[in-house]
Amino acid sequence: MNSPQLEITIGWLYPTLMSTYGDRGNVITIERRAQWRGYNVQVLPLDQNSTAEDIKSVDVIVGGGAQDRQQEIVMRDLQGAKADAMREKIENGTPGVFTCGSPQLLGHYYEPGLGQRIDGLGILDLVSVHPGENTKRCIGNLVIEVTASRLAQDLKEMTGTTPYLVGFENHGGRTKLGKVEALGRVVYGLGNNGEDGTEGAFYQNAIATYSHGPLLPKNPFVADWLIQTALRLKYQQPITLEALDDKLAIQAREAMLKRLKVNLPATTAKV
Ligand code: GLN
């Protein structure tokens, strides 16, 4: 057991406005996996009642999906000092997982199917456009290979295999990346736009993805990467997490890959 005085604070972006398709499961997964290793965990909602100081105080950030209307409310709130605090956190390497509507907000802008363009924070070099209410949404299971080089390397070291993520997507917006690195390449599903084979983005230590599922219970090694990165940054010491029994998560991944008829290289099948 690690020394219990070590602590991480999870900043949860707008829990009531941004948590579609079970994205709160990402918060619970980080919380439990850190607690199981003996770390203290606080969950701090970052919403309309929070200050820039609250944002600065967190060690890991979780942002879920949102409908277009909710995204607009969030963006009206996330301005000025709060926007600067978010920018500073991500630029300084605070780890985070941002799903669907959240990456759209971290990009330059999101154009909804109906209504005005919503300006984003411009932290990620990407833009997202919903081609219109009559266009088919991107819905279904999603499997990607993580290709973002540093993250792929870290995950490979942690698991001993090529990192594949299993998830579920449901979005109308199509995202085009600028200079930011993609999180991965689509193995099954549509990803950023259904055209260029990219999925998500990776910048500093921010993981942006269209993958709900939620993402972390299905891919617990990503939760561990977030916890490890948060603790190392906070305490400036080498921290390696104890292994947990992930038998059920592994079986769930295998069942899904089998159902989707995705054949991963033999060395990766057990991740
Ligand atoms: N409103 C965005 C879209 O449809 C995000 C949806 C979501 O977060 N689930 O693209």
# chains A, B, ... in the order shown; residues from 1 in each chain; ligands from 1
>>> residues_near_ligand(ligand="ligand 1", cutoff="10 Å", atoms="only C-alpha atoms and all ligand atoms", output="VMD selection string")
chain A and resid 18 to 21 23 63 to 72 98 to 105 110 to 113 128 to 131 133 137 to 139 169 to 175 192 210 to 212
>>> residues_around(residues="segment 176-179 of chain A", least_positions_apart="6", cutoff="6 Å", atoms="only C-alpha atoms", output="MDAnalysis selection string")
chainID A and resid 125:127
>>> atom_distance(atom1="atom CA of Val58 of chain A", atom2="atom CA of Ala201 of chain A")
21.5 Å
>>> select_by_dssp(residues="segment 22-221 of chain A", states="alpha helix (DSSP H)", output="count of residues only")
63
>>> atom_distance(atom1="atom CA of Leu165 of chain A", atom2="atom CA of Trp12 of chain A")
21.9 Å
>>> residues_around(residues="Ile10 of chain A", least_positions_apart="2", cutoff="10 Å", atoms="only C-alpha atoms", output="list in words")
Glu7, Ile8, Trp12, Leu13, Val27, Ile28, Ile30, Glu31, Val41, Gln42, Val43, Leu44, Pro45, Leu46, Ser57, Val58, Asp59, Val60, Ile61, Val62, Gly96, Ile227 and Ala230 of chain A
>>> closest_residue(among="A:Lys247, A:Arg232, A:Arg150, A:Lys136", to="Phe202 of chain A", atoms="only C-alpha atoms")
A:Arg150
>>> closest_residue(among="A:Gly132, A:Pro214, A:Gly11, A:Gly167", to="Glu199 of chain A", atoms="only C-alpha atoms")
A:Gly167
>>> atom_distance(atom1="atom CA of Ala182 of chain A", atom2="atom CA of Thr147 of chain A")
7.2 Å
>>> closest_residue(among="A:Tyr235, A:Tyr14, A:Trp225, A:Trp36", to="Thr159 of chain A", atoms="only C-alpha atoms")
A:Trp225
>>> closest_residue(among="A:Gln116, A:Glu53, A:Arg33, A:Leu121", to="Asp246 of chain A", atoms="only C-alpha atoms")
A:Arg33
>>> decode(residues="segment 138-226 of chain A", atoms="C-alpha atoms", output="short mmCIF file (atom, residue, chain, number, x, y, z; two decimals), in the first residue's frame")
data_model
loop_
_atom_site.label_atom_id
_atom_site.label_comp_id
_atom_site.auth_asym_id
_atom_site.auth_seq_id
_atom_site.Cartn_x
_atom_site.Cartn_y
_atom_site.Cartn_z
CA CYS A 138 -21.67 9.21 -35.89
CA ILE A 139 -23.00 6.52 -33.58
CA GLY A 140 -21.64 3.14 -32.61
CA ASN A 141 -18.83 1.19 -31.06
CA LEU A 142 -15.35 2.53 -31.54
CA VAL A 143 -11.96 0.84 -31.40
CA ILE A 144 -8.76 2.78 -31.86
CA GLU A 145 -5.05 2.16 -31.69
CA VAL A 146 -3.35 4.89 -29.68
CA THR A 147 -0.75 6.46 -31.98
CA ALA A 148 0.08 9.66 -30.07
CA SER A 149 3.73 8.83 -29.65
CA ARG A 150 4.53 9.66 -26.01
CA LEU A 151 1.23 8.31 -24.72
CA ALA A 152 1.49 5.15 -26.85
CA GLN A 153 4.99 4.61 -25.48
CA ASP A 154 3.90 5.12 -21.85
CA LEU A 155 0.89 2.81 -22.22
CA LYS A 156 3.03 0.18 -23.89
CA GLU A 157 5.46 0.32 -20.99
CA MET A 158 2.60 -0.03 -18.50
CA THR A 159 0.83 -2.91 -20.23
CA GLY A 160 3.56 -4.55 -22.27
CA THR A 161 1.45 -4.38 -25.44
CA THR A 162 0.28 -2.05 -28.21
CA PRO A 163 -2.48 0.11 -26.71
CA TYR A 164 -5.96 -0.27 -28.18
CA LEU A 165 -8.96 1.55 -26.73
CA VAL A 166 -12.53 0.28 -26.82
CA GLY A 167 -15.35 2.82 -26.63
CA PHE A 168 -18.61 4.11 -27.99
CA GLU A 169 -19.21 7.27 -30.02
CA ASN A 170 -22.29 9.42 -30.51
CA HIS A 171 -21.69 12.81 -32.07
CA GLY A 172 -22.99 15.04 -34.81
CA GLY A 173 -19.91 17.28 -34.94
CA ARG A 174 -17.02 16.38 -37.22
CA THR A 175 -13.58 17.35 -35.99
CA LYS A 176 -10.62 18.30 -38.14
CA LEU A 177 -7.21 18.45 -36.54
CA GLY A 178 -4.73 21.24 -37.19
CA LYS A 179 -1.19 20.71 -35.91
CA VAL A 180 -2.25 18.80 -32.81
CA GLU A 181 -1.36 15.12 -32.73
CA ALA A 182 -4.23 12.63 -33.10
CA LEU A 183 -4.89 10.39 -30.11
CA GLY A 184 -5.10 7.40 -32.38
CA ARG A 185 -6.17 5.78 -35.61
CA VAL A 186 -9.61 4.30 -36.06
CA VAL A 187 -9.69 0.51 -36.18
CA TYR A 188 -13.50 0.25 -35.97
CA GLY A 189 -15.99 3.14 -36.13
CA LEU A 190 -15.79 6.71 -37.37
CA GLY A 191 -13.67 8.79 -34.99
CA ASN A 192 -13.03 12.50 -35.59
CA ASN A 193 -14.84 12.83 -38.90
CA GLY A 194 -15.34 9.45 -40.57
CA GLU A 195 -12.95 10.47 -43.35
CA ASP A 196 -9.32 10.76 -42.37
CA GLY A 197 -9.06 7.79 -39.98
CA THR A 198 -8.00 9.90 -37.01
CA GLU A 199 -9.54 9.76 -33.57
CA GLY A 200 -9.23 12.32 -30.82
CA ALA A 201 -6.21 14.42 -30.01
CA PHE A 202 -3.35 14.36 -27.51
CA TYR A 203 -1.76 17.57 -26.28
CA GLN A 204 0.64 17.93 -23.33
CA ASN A 205 -1.09 15.40 -21.06
CA ALA A 206 -4.65 16.03 -22.23
CA ILE A 207 -6.44 13.11 -23.84
CA ALA A 208 -9.27 14.26 -26.11
CA THR A 209 -11.56 11.63 -27.58
CA TYR A 210 -14.97 10.91 -29.03
CA SER A 211 -15.02 7.75 -26.97
CA HIS A 212 -17.72 7.46 -24.35
CA GLY A 213 -18.37 4.03 -23.01
CA PRO A 214 -17.41 5.44 -20.59
CA LEU A 215 -13.80 5.26 -21.67
CA LEU A 216 -11.90 4.50 -18.48
CA PRO A 217 -13.72 1.45 -17.05
CA LYS A 218 -13.30 -0.19 -20.45
CA ASN A 219 -9.65 0.81 -20.69
CA PRO A 220 -8.47 0.96 -17.07
CA PHE A 221 -4.80 1.31 -18.00
CA VAL A 222 -5.63 4.82 -19.26
CA ALA A 223 -7.06 5.69 -15.83
CA ASP A 224 -3.81 4.44 -14.29
CA TRP A 225 -1.78 6.59 -16.67
CA LEU A 226 -3.81 9.64 -15.59
#
